[in-house]
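Participant: Below you'll find model.txt; it's compact mmCIF, C-alpha atoms.
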# COMPACT_ATOMS: atom_id res chain seq x y z
CA MET D 107 -10.77 15.98 -10.44
CA PRO D 108 -13.35 14.48 -12.79
CA THR D 109 -16.91 15.60 -12.23
CA SER D 110 -18.66 13.16 -14.53
CA ILE D 111 -17.99 9.48 -14.90
CA PRO D 112 -18.58 9.13 -18.67
CA SER D 113 -15.41 11.11 -19.38
CA LEU D 114 -13.28 8.74 -17.34
CA PRO D 115 -11.11 6.12 -19.04
CA LYS D 116 -12.53 2.62 -18.95
CA LEU D 117 -10.35 -0.17 -17.63
CA SER D 118 -10.73 -3.59 -19.20
CA THR D 119 -11.32 -6.17 -16.53
CA LEU D 120 -9.53 -8.74 -18.68
CA ALA D 121 -6.50 -6.93 -20.09
CA VAL D 122 -4.67 -3.84 -18.92
CA SER D 123 -1.20 -4.03 -20.38
CA SER D 124 0.51 -1.40 -18.27
CA LEU D 125 -0.29 -0.21 -14.77
CA LEU D 126 3.07 1.31 -14.03
CA PHE D 127 3.53 4.48 -16.03
CA LEU D 128 0.46 6.64 -15.54
CA SER D 129 0.26 10.05 -17.10
CA THR D 130 -1.00 11.45 -13.83
CA ALA D 131 1.52 13.83 -12.35
CA CYS D 132 3.22 12.58 -9.23
CA SER D 133 1.54 14.59 -6.47
CA SER D 134 3.76 13.69 -3.53
CA GLN D 135 4.46 15.95 -0.62
CA GLN D 136 7.81 15.86 1.12
CA THR D 137 8.40 16.13 4.84
CA VAL D 138 11.73 16.03 6.60
CA SER D 139 10.89 13.66 9.44
CA GLN D 140 14.20 13.48 11.25
CA ALA D 141 17.73 14.71 10.68
CA VAL D 142 21.01 14.68 12.56
CA PRO D 143 22.16 18.19 13.57
CA ASN D 144 25.76 19.32 13.22
CA PRO D 145 26.46 21.59 16.21
CA THR D 146 30.25 21.62 15.82
CA THR D 147 30.54 23.57 12.59
CA THR D 148 28.72 26.20 10.59
CA VAL D 149 29.43 24.27 7.40
CA ALA D 150 26.45 22.20 6.28
CA ALA D 151 26.95 18.56 7.20
CA LYS D 152 27.06 16.04 4.43
CA THR D 153 24.14 13.73 5.11
CA THR D 154 23.14 10.37 3.78
CA THR D 155 19.39 10.59 3.34
CA LEU D 156 16.77 7.86 3.25
CA ARG D 157 13.86 9.02 1.10
CA LEU D 158 10.92 6.93 2.27
CA GLY D 159 7.77 6.82 0.13
CA PHE D 160 4.36 5.68 1.30
CA ILE D 161 0.70 5.91 0.31
CA SER D 162 -1.73 8.40 1.84
CA ASN D 163 -4.66 10.60 0.93
CA GLY D 164 -2.43 13.67 0.75
CA LYS D 165 -3.23 14.91 4.24
CA VAL D 166 -1.08 12.34 6.02
CA LYS D 167 2.60 13.32 6.05
CA THR D 168 4.04 10.34 7.94
CA PRO D 169 3.40 6.62 7.54
CA THR D 170 1.49 4.49 10.01
CA GLY D 171 2.10 0.79 10.65
CA PRO D 172 5.34 -0.49 12.21
CA ALA D 173 7.56 1.98 10.32
CA GLY D 174 5.39 4.90 11.35
CA TRP D 175 5.36 3.72 14.95
CA ALA D 176 9.17 3.53 14.97
CA ILE D 177 9.35 7.09 13.60
CA HIS D 178 6.77 8.29 16.13
CA GLN D 179 8.78 6.84 19.01
CA GLY D 180 12.00 8.36 17.75
CA LYS D 181 13.62 4.96 17.25
CA LEU D 182 14.00 4.68 13.48
CA LEU D 183 16.72 7.24 12.83
CA PRO D 184 19.00 6.33 15.77
CA GLU D 185 19.03 2.73 14.58
CA LEU D 186 19.67 3.69 10.96
CA GLN D 187 22.53 5.95 12.05
CA GLN D 188 24.41 2.77 12.87
CA ILE D 189 24.61 2.00 9.14
CA GLY D 190 25.40 5.54 8.03
CA ILE D 191 21.95 7.05 7.37
CA THR D 192 21.80 10.49 8.94
CA GLU D 193 18.50 11.87 7.67
CA ILE D 194 15.02 10.55 6.83
CA LYS D 195 12.61 12.28 4.49
CA THR D 196 9.08 10.97 4.03
CA LEU D 197 7.17 11.45 0.79
CA ASN D 198 3.51 10.60 0.38
CA PHE D 199 1.83 9.44 -2.84
CA PRO D 200 -1.84 9.00 -3.78
CA ASN D 201 -1.40 5.46 -5.11
CA GLY D 202 1.07 2.72 -5.92
CA PRO D 203 1.70 3.55 -9.60
CA ASN D 204 2.73 7.09 -8.61
CA LEU D 205 5.16 5.66 -6.09
CA ASN D 206 6.52 3.34 -8.79
CA GLU D 207 7.22 6.38 -10.96
CA ALA D 208 9.20 7.95 -8.12
CA LEU D 209 11.23 4.77 -7.70
CA VAL D 210 11.92 4.74 -11.44
CA SER D 211 13.05 8.38 -11.45
CA GLY D 212 15.27 7.94 -8.40
CA ALA D 213 13.22 10.31 -6.24
CA VAL D 214 12.54 7.58 -3.66
CA ASP D 215 14.90 5.02 -2.14
CA VAL D 216 12.49 2.85 -0.18
CA GLY D 217 8.74 2.45 -0.66
CA ILE D 218 5.98 0.99 1.51
CA TYR D 219 2.88 0.21 -0.53
CA GLY D 220 0.46 -2.44 -1.75
CA ASP D 221 1.76 -5.68 -3.21
CA THR D 222 -0.09 -5.29 -6.52
CA PRO D 223 1.69 -2.14 -7.78
CA ALA D 224 4.97 -3.46 -6.39
CA LEU D 225 4.59 -6.73 -8.31
CA VAL D 226 3.52 -4.91 -11.47
CA GLY D 227 6.53 -2.63 -11.19
CA LYS D 228 8.92 -5.52 -10.79
CA ALA D 229 7.36 -7.33 -13.76
CA LYS D 230 7.89 -4.13 -15.75
CA GLY D 231 11.59 -4.17 -14.91
CA LEU D 232 11.64 -1.76 -11.98
CA PRO D 233 15.04 -2.32 -10.26
CA THR D 234 13.76 -3.02 -6.74
CA ARG D 235 14.32 -5.70 -4.14
CA LEU D 236 11.68 -6.75 -1.64
CA ILE D 237 12.82 -6.31 1.95
CA GLY D 238 9.72 -7.52 3.78
CA GLN D 239 6.00 -7.13 4.37
CA GLU D 240 4.53 -4.50 6.66
CA GLN D 241 0.99 -5.85 6.64
CA VAL D 242 -0.47 -9.21 5.64
CA GLY D 243 -4.17 -9.81 4.98
CA MET D 244 -5.20 -6.27 4.03
CA ASN D 245 -8.93 -6.03 3.54
CA ALA D 246 -10.69 -4.26 0.67
CA TRP D 247 -14.33 -3.28 0.87
CA LEU D 248 -16.89 -3.27 -1.94
CA VAL D 249 -19.13 -0.39 -0.89
CA ALA D 250 -22.34 0.41 -2.77
CA LYS D 251 -24.16 3.69 -3.09
CA LYS D 252 -27.22 4.27 -0.97
CA ASN D 253 -30.37 2.92 -2.61
CA GLY D 254 -28.10 1.07 -5.02
CA PRO D 255 -27.07 -2.57 -5.54
CA ARG D 256 -27.20 -4.95 -2.61
CA SER D 257 -25.34 -7.88 -4.13
CA ILE D 258 -22.46 -8.56 -6.50
CA ALA D 259 -24.91 -9.84 -9.13
CA GLU D 260 -26.69 -6.47 -9.13
CA LEU D 261 -23.53 -4.79 -10.40
CA LYS D 262 -24.27 -6.04 -13.92
CA GLY D 263 -24.44 -3.11 -16.31
CA GLN D 264 -23.12 -0.73 -13.65
CA LYS D 265 -19.97 1.35 -13.11
CA VAL D 266 -17.61 0.47 -10.27
CA ALA D 267 -14.67 2.69 -9.35
CA THR D 268 -11.30 1.90 -7.85
CA SER D 269 -7.71 3.08 -7.99
CA LYS D 270 -5.91 1.61 -10.99
CA GLY D 271 -2.95 -0.58 -10.13
CA SER D 272 -3.84 -0.85 -6.43
CA TYR D 273 -4.45 -3.94 -4.34
CA MET D 274 -8.15 -2.92 -4.32
CA HIS D 275 -8.09 -3.10 -8.12
CA ARG D 276 -6.69 -6.62 -8.00
CA TYR D 277 -9.41 -7.59 -5.50
CA LEU D 278 -12.18 -6.09 -7.62
CA ILE D 279 -11.08 -7.74 -10.87
CA GLY D 280 -10.63 -11.07 -9.09
CA LEU D 281 -14.07 -10.80 -7.48
CA LEU D 282 -15.84 -9.95 -10.74
CA GLN D 283 -14.18 -12.89 -12.43
CA LYS D 284 -15.09 -15.28 -9.63
CA SER D 285 -18.67 -14.04 -9.95
CA GLY D 286 -18.72 -14.48 -13.73
CA ILE D 287 -19.68 -10.89 -14.48
CA SER D 288 -16.33 -9.32 -15.39
CA ASP D 289 -17.50 -8.58 -18.93
CA ARG D 290 -20.70 -6.90 -17.74
CA VAL D 291 -19.26 -4.36 -15.30
CA THR D 292 -17.49 -1.15 -16.25
CA VAL D 293 -14.48 -0.50 -14.01
CA VAL D 294 -13.31 3.12 -13.94
CA HIS D 295 -10.14 4.58 -12.47
CA LEU D 296 -10.48 7.12 -9.67
CA LEU D 297 -8.11 7.94 -6.85
CA PRO D 298 -9.57 7.02 -3.44
CA SER D 299 -10.81 10.51 -2.55
CA GLU D 300 -12.35 10.92 -6.01
CA ALA D 301 -14.01 7.51 -5.84
CA GLN D 302 -15.57 8.33 -2.50
CA ALA D 303 -16.92 11.62 -3.83
CA ALA D 304 -18.34 9.85 -6.91
CA LEU D 305 -20.05 7.29 -4.68
CA GLU D 306 -21.56 10.01 -2.51
CA ARG D 307 -22.90 11.74 -5.64
CA GLY D 308 -24.28 8.48 -6.95
CA ASP D 309 -22.16 8.65 -10.12
CA VAL D 310 -20.97 5.05 -9.62
CA ALA D 311 -22.84 2.04 -8.30
CA ALA D 312 -20.02 0.98 -6.01
CA ILE D 313 -16.34 1.43 -5.21
CA ALA D 314 -13.62 -0.98 -4.15
CA ALA D 315 -12.33 0.87 -1.09
CA SER D 316 -9.18 0.47 0.94
CA THR D 317 -8.84 -0.27 4.60
CA GLY D 318 -9.98 2.76 6.54
CA THR D 319 -12.28 4.11 3.84
CA GLY D 320 -14.50 1.01 3.78
CA PRO D 321 -15.45 1.00 7.47
CA LEU D 322 -15.75 4.79 7.45
CA LEU D 323 -18.31 4.67 4.64
CA GLU D 324 -20.14 1.79 6.30
CA ALA D 325 -20.44 3.91 9.44
CA LYS D 326 -22.05 6.60 7.29
CA GLY D 327 -24.74 4.21 6.11
CA TYR D 328 -23.29 2.94 2.83
CA PRO D 329 -23.91 -0.79 2.38
CA VAL D 330 -20.93 -3.13 2.16
CA ILE D 331 -21.73 -5.94 -0.28
CA ASP D 332 -18.42 -7.79 -0.14
CA GLU D 333 -14.97 -7.82 1.48
CA ALA D 334 -11.65 -9.25 0.37
CA VAL D 335 -11.23 -11.20 3.61
CA LYS D 336 -14.20 -13.36 2.61
CA HIS D 337 -12.04 -14.80 -0.18
CA PRO D 338 -8.80 -16.50 0.95
CA ASP D 339 -6.85 -15.49 -2.15
CA LEU D 340 -7.98 -11.86 -2.48
CA PRO D 341 -6.67 -9.95 0.58
CA GLY D 342 -3.62 -7.84 -0.06
CA THR D 343 -0.30 -7.29 1.63
CA SER D 344 1.79 -4.19 2.13
CA VAL D 345 5.42 -4.58 1.11
CA THR D 346 8.63 -2.67 1.64
CA VAL D 347 10.93 -2.42 -1.37
CA ALA D 348 14.24 -0.68 -1.88
CA THR D 349 15.96 0.33 -5.08
CA GLU D 350 19.01 -1.66 -6.09
CA ALA D 351 20.98 1.59 -6.27
CA PHE D 352 20.19 2.38 -2.63
CA LEU D 353 21.05 -1.14 -1.49
CA ALA D 354 24.37 -0.97 -3.30
CA LYS D 355 25.26 1.95 -1.02
CA HIS D 356 23.64 0.43 2.09
CA PRO D 357 23.92 -3.37 1.91
CA ASP D 358 23.15 -3.67 5.65
CA PHE D 359 19.88 -1.79 5.30
CA PRO D 360 17.48 -4.78 4.88
CA GLN D 361 18.79 -6.52 8.01
CA LYS D 362 18.65 -3.34 10.08
CA TRP D 363 15.21 -2.34 8.74
CA ASN D 364 13.69 -5.68 9.66
CA GLN D 365 15.24 -5.58 13.12
CA ILE D 366 13.60 -2.20 13.64
CA LYS D 367 10.30 -3.45 12.26
CA GLN D 368 10.33 -6.54 14.46
CA ALA D 369 10.89 -4.44 17.57
CA ALA D 370 8.14 -2.03 16.49
CA VAL D 371 5.62 -4.83 15.92
CA LYS D 372 6.34 -6.34 19.33
CA ASP D 373 5.89 -2.93 20.92
CA ILE D 374 2.61 -2.42 19.05
CA GLN D 375 1.40 -5.78 20.32
CA ALA D 376 2.29 -4.80 23.88
CA ASN D 377 0.82 -1.29 23.60
CA SER D 378 -2.04 -1.69 21.15
CA GLU D 379 -4.22 1.11 22.54
CA ALA D 380 -1.36 3.61 22.32
CA TYR D 381 -0.67 2.50 18.76
CA TYR D 382 -4.32 2.78 17.73
CA LYS D 383 -4.47 6.31 19.15
CA PHE D 384 -1.33 7.24 17.20
CA HIS D 385 -2.78 5.76 14.00
CA ALA D 386 -6.07 7.60 14.50
CA ASP D 387 -4.30 10.90 15.18
CA VAL D 388 -2.07 10.58 12.10
CA SER D 389 -4.67 9.27 9.66
CA GLY D 390 -7.65 11.32 10.83
CA TYR D 391 -9.83 8.21 10.98
CA PRO D 392 -12.03 7.66 14.05
CA LEU D 393 -10.54 5.24 16.56
CA ASP D 394 -13.19 2.58 15.96
CA VAL D 395 -12.57 2.73 12.21
CA VAL D 396 -8.83 2.26 12.74
CA LYS D 397 -9.43 -0.76 14.94
CA ALA D 398 -11.79 -2.29 12.37
CA SER D 399 -9.44 -1.58 9.48
CA PHE D 400 -5.98 -2.27 10.85
CA PRO D 401 -5.99 -5.19 13.30
CA ILE D 402 -2.53 -5.53 14.77
CA THR D 403 -2.62 -9.25 13.96
CA GLN D 404 -1.93 -8.15 10.36
CA PHE D 405 1.50 -6.77 11.31
CA PRO D 406 3.90 -9.72 10.98
CA VAL D 407 6.97 -10.01 13.16
CA GLU D 408 8.80 -11.95 10.44
CA PRO D 409 10.05 -10.15 7.32
CA LEU D 410 8.20 -12.60 5.02
CA PRO D 411 5.67 -14.84 6.79
CA ASP D 412 4.45 -17.94 4.96
CA ARG D 413 0.92 -16.53 4.60
CA GLY D 414 2.32 -13.33 3.13
CA VAL D 415 4.43 -15.16 0.58
CA GLN D 416 1.42 -17.28 -0.42
CA LEU D 417 -0.64 -14.15 -1.04
CA LEU D 418 2.20 -12.59 -3.03
CA GLU D 419 2.54 -15.68 -5.20
CA GLY D 420 -1.21 -15.85 -5.78
CA THR D 421 -1.41 -12.17 -6.70
CA LYS D 422 1.55 -12.47 -9.06
CA LYS D 423 0.03 -15.46 -10.85
CA PHE D 424 -3.26 -13.61 -11.21
CA LEU D 425 -1.62 -10.49 -12.61
CA ILE D 426 0.39 -12.51 -15.12
CA SER D 427 -2.57 -14.63 -16.19
CA GLN D 428 -4.71 -11.55 -16.83
CA LYS D 429 -1.91 -9.65 -18.56
CA LEU D 430 -2.02 -7.03 -15.83
CA ALA D 431 1.73 -7.54 -15.42
CA GLU D 432 4.10 -7.67 -18.35
CA SER D 433 6.30 -10.66 -17.48
CA ASP D 434 6.73 -13.44 -14.96
CA PHE D 435 9.58 -13.70 -12.48
CA LYS D 436 10.54 -15.78 -9.46
CA LEU D 437 9.67 -14.23 -6.13
CA ASN D 438 12.83 -15.67 -4.60
CA ASP D 439 14.87 -13.64 -7.07
CA TRP D 440 13.12 -10.49 -5.82
CA PHE D 441 13.52 -11.17 -2.10
CA VAL D 442 16.60 -9.85 -0.36
CA THR D 443 18.68 -12.65 1.15
CA GLN D 444 19.26 -11.88 4.82
CA SER D 445 21.51 -13.46 7.39
CA LYS D 446 20.17 -15.19 10.47
CA LYS D 447 22.06 -13.01 12.95
Go ahead and render the structure in this file as structure tokens.
Facilitator:
Amino acid sequence: MPTSIPSLPKLSTLAVSSLLFLSTACSSQQTVSQAVPNPTTTVAAKTTTLRLGFISNGKVKTPTGPAGWAIHQGKLLPELQQIGITEIKTLNFPNGPNLNEALVSGAVDVGIYGDTPALVGKAKGLPTRLIGQEQVGMNAWLVAKKNGPRSIAELKGQKVATSKGSYMHRYLIGLLQKSGISDRVTVVHLLPSEAQAALERGDVAAIAASTGTGPLLEAKGYPVIDEAVKHPDLPGTSVTVATEAFLAKHPDFPQKWNQIKQAAVKDIQANSEAYYKFHADVSGYPLDVVKASFPITQFPVEPLPDRGVQLLEGTKKFLISQKLAESDFKLNDWFVTQSKK
């Protein structure tokens, strides 16, 4: 972990040609969430495994959101058994680019992560298909150090940290451009835990923090000087993608996955307090922080709601225009076509 900001690589706010292949080692941790036992024979059963990647701070071993709720209730695997999947392994990653690397290498079959790294990966040629969106309208928080800047304008000449290739990065770059100060702010790459530590030390003027971290820091007395939800085009979405290789083996997976997700979202809506407690227990965030960060209204019942597609299109156009993604593509060509059963 870096201990001094000057040694960190500087990110251009106008041109970063590749966000996909970071030299950072992939620091995922693997957990076997569920598996089907074979009581009838001593010979090891041949299983068909779903390797599910998601983003966490390293301490969280299972996802939250609708997919995590379905796992928690013991409903995900039984449903997936119907299409031949007999085991689920969850793998956590510190950020989206690391998850992209795992998708490239074939270490992950399905990933749940921010739309920005997913779009960048697809523009890079990553062979994925988008199954749906887990969360729409994800907030990002611009949190300043104590006794530091109190407005966006006061960031001029300062260092601001965020996680390269994340939806928070897209928010930060978009905000600085809207404010006309993108060429006067130094943006440095730090993973979320490192960025928080740098802010607490006063090494950076501010950080673009994810949902969860932003409200937690605000509760500790750090001033919030902006939020993504104040700008209609800057909130993020969380998407679920699958590799083309996995879908070739399991063509019914997208339909089944979205059926499971829809049921999970409806159950979350009906049992919001139970869900919030689960999310708080898994993530380690206080209950009030979870409620402030993850409103259940952001969990869409539909695979691809209109608002979610609009945000995806806007983010893609921004990434292309700023050369943060290598090439353009049609979103419809990325989406999995699903029947109306």
Participant: Skipping near chain neighbours, those fewer than 6 positions away, what residues fall within 9 Å of segment 403-408 of chain D using all atoms listed in the file, listed as JSON, numbers by chain?
Facilitator: {"D": [171, 172, 238, 239, 240, 241, 242, 243, 244, 343, 364, 367, 368, 369, 370, 371, 372, 374, 375, 414]}
Participant: In Å, how far is it from atom CA of Gln365 of chain D to atom CA of Leu410 of chain D?
Facilitator: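 Separating atom CA of Gln365 of chain D from atom CA of Leu410 of chain D is a distance of 12.8 Å.
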Participant: Quick one: everything within 8 Å of Leu182 of chain D, counting all atoms listed in the file, minus sequence neighbours fewer than 5 positions away in the same chain. Send it as a PyMOL selection string.
Facilitator: chain D and resi 173+176-177+366
Participant: Which residues are near Met274 of chain D? Cut-off 8 Å, all atoms listed in the file, ignore same chain within fewer than 6 positions. Put them as number ranges by chain.
Facilitator: D: 246, 268, 314-316, 342
Participant: Output C-alpha atoms of each residue in that selection to a file, as a compact mmCIF listing (two decimals), in the coordinates of the input.
Facilitator:
# COMPACT_ATOMS: atom_id res chain seq x y z
CA ALA D 246 -10.69 -4.26 0.67
CA THR D 268 -11.30 1.90 -7.85
CA ALA D 314 -13.62 -0.98 -4.15
CA ALA D 315 -12.33 0.87 -1.09
CA SER D 316 -9.18 0.47 0.94
CA GLY D 342 -3.62 -7.84 -0.06
Participant: In Å, how far is it from atom CA of Leu236 of chain D to atom CA of Val442 of chain D?
Facilitator: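 Interatomic distance here is 6.0 Å.
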Participant: Using atom CA of Phe160 of chain D and atom CA of Leu205 of chain D as the two end points, give the distance in Å to one decimal.
Facilitator: 7.4 Å
Participant: For the point (-15.0, -5.6, 1.1) in file coordinates, what residues are within 9 Å, counting all atoms listed in the file? Give the answer as number ranges by chain?
Facilitator: D: 245-249, 277, 314-317, 320, 330-336
Participant: Please save C-alpha atoms of the selected residues as a short mmCIF file (atom, residue, chain, number, x, y, z; two decimals), in the coordinates of the input.
Facilitator:
data_model
loop_
_atom_site.label_atom_id
_atom_site.label_comp_id
_atom_site.auth_asym_id
_atom_site.auth_seq_id
_atom_site.Cartn_x
_atom_site.Cartn_y
_atom_site.Cartn_z
CA ASN D 245 -8.93 -6.03 3.54
CA ALA D 246 -10.69 -4.26 0.67
CA TRP D 247 -14.33 -3.28 0.87
CA LEU D 248 -16.89 -3.27 -1.94
CA VAL D 249 -19.13 -0.39 -0.89
CA TYR D 277 -9.41 -7.59 -5.50
CA ALA D 314 -13.62 -0.98 -4.15
CA ALA D 315 -12.33 0.87 -1.09
CA SER D 316 -9.18 0.47 0.94
CA THR D 317 -8.84 -0.27 4.60
CA GLY D 320 -14.50 1.01 3.78
CA VAL D 330 -20.93 -3.13 2.16
CA ILE D 331 -21.73 -5.94 -0.28
CA ASP D 332 -18.42 -7.79 -0.14
CA GLU D 333 -14.97 -7.82 1.48
CA ALA D 334 -11.65 -9.25 0.37
CA VAL D 335 -11.23 -11.20 3.61
CA LYS D 336 -14.20 -13.36 2.61
#
Participant: Measuring atom to atom with only C-alpha atoms, identify which of D:His178, D:Lys436, D:Arg157, D:Lys262 is nearest to Asp215 of chain D.
Facilitator: D:Arg157
Participant: Could you tell me, as a list in words, which residues have any atom at most 10 Å from (11.8, 7.4, -6.0), counting all atoms listed in the file?
Facilitator: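 Checked against the point, the hits come out as Arg157, Leu158, Gly159, Leu197, Asn204, Leu205, Asn206, Glu207, Ala208, Leu209, Val210, Ser211, Gly212, Ala213, Val214, Asp215, Val216, Gly217, Ala348 and Thr349 of chain D.
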Participant: Enclose segment 174-182 of chain D, meaning all of its atoms listed in the file, in a box aligned along x, y and z, pad it by 4 Å on each side, and list the centre and edge lengths in Å to one decimal, as JSON.
Facilitator:
{"center_x": 9.7, "center_y": 5.9, "center_z": 15.2, "size_x": 16.6, "size_y": 12.8, "size_z": 15.7}
Participant: Given all atoms listed in the file as the basis, pick out the residue of D:Leu225, D:Leu232, D:Leu322, D:Leu156 nearest to Gly420 of chain D.
Facilitator: D:Leu225
Participant: Given all atoms listed in the file as the basis, pick out the residue of D:Ser299, D:Val310, D:Gly231, D:Val291 nearest to Ala267 of chain D.
Facilitator: D:Val310
Participant: Let me make sure I understand: among D:Ile426, D:Leu261, D:Ala224, D:Ile189, which one has the smallest atom-to-atom distance to Asp289 of chain D if we use all atoms listed in the file?
Facilitator: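 Looking only at the distances to Asp289 of chain D, the closest residue turns out to be D:Leu261.
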Participant: Give the answer as one residue: which of D:Ile313, D:Val388, D:Leu425, D:Val415 has the shortest atom-to-atom distance to Trp175 of chain D, using all atoms listed in the file?
Facilitator: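 Ranked by minimum distance to Trp175 of chain D, first place goes to D:Val388.
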Participant: Got a sec: who's within 12 Å of Thr222 of chain D, counting only C-alpha atoms, leaving out chain neighbours fewer than 6 positions off, as an NGL selection string?
Facilitator: :D and (125-126 or 201-203 or 206 or 228-229 or 244 or 269-277 or 340-345 or 417-426 or 430-431)
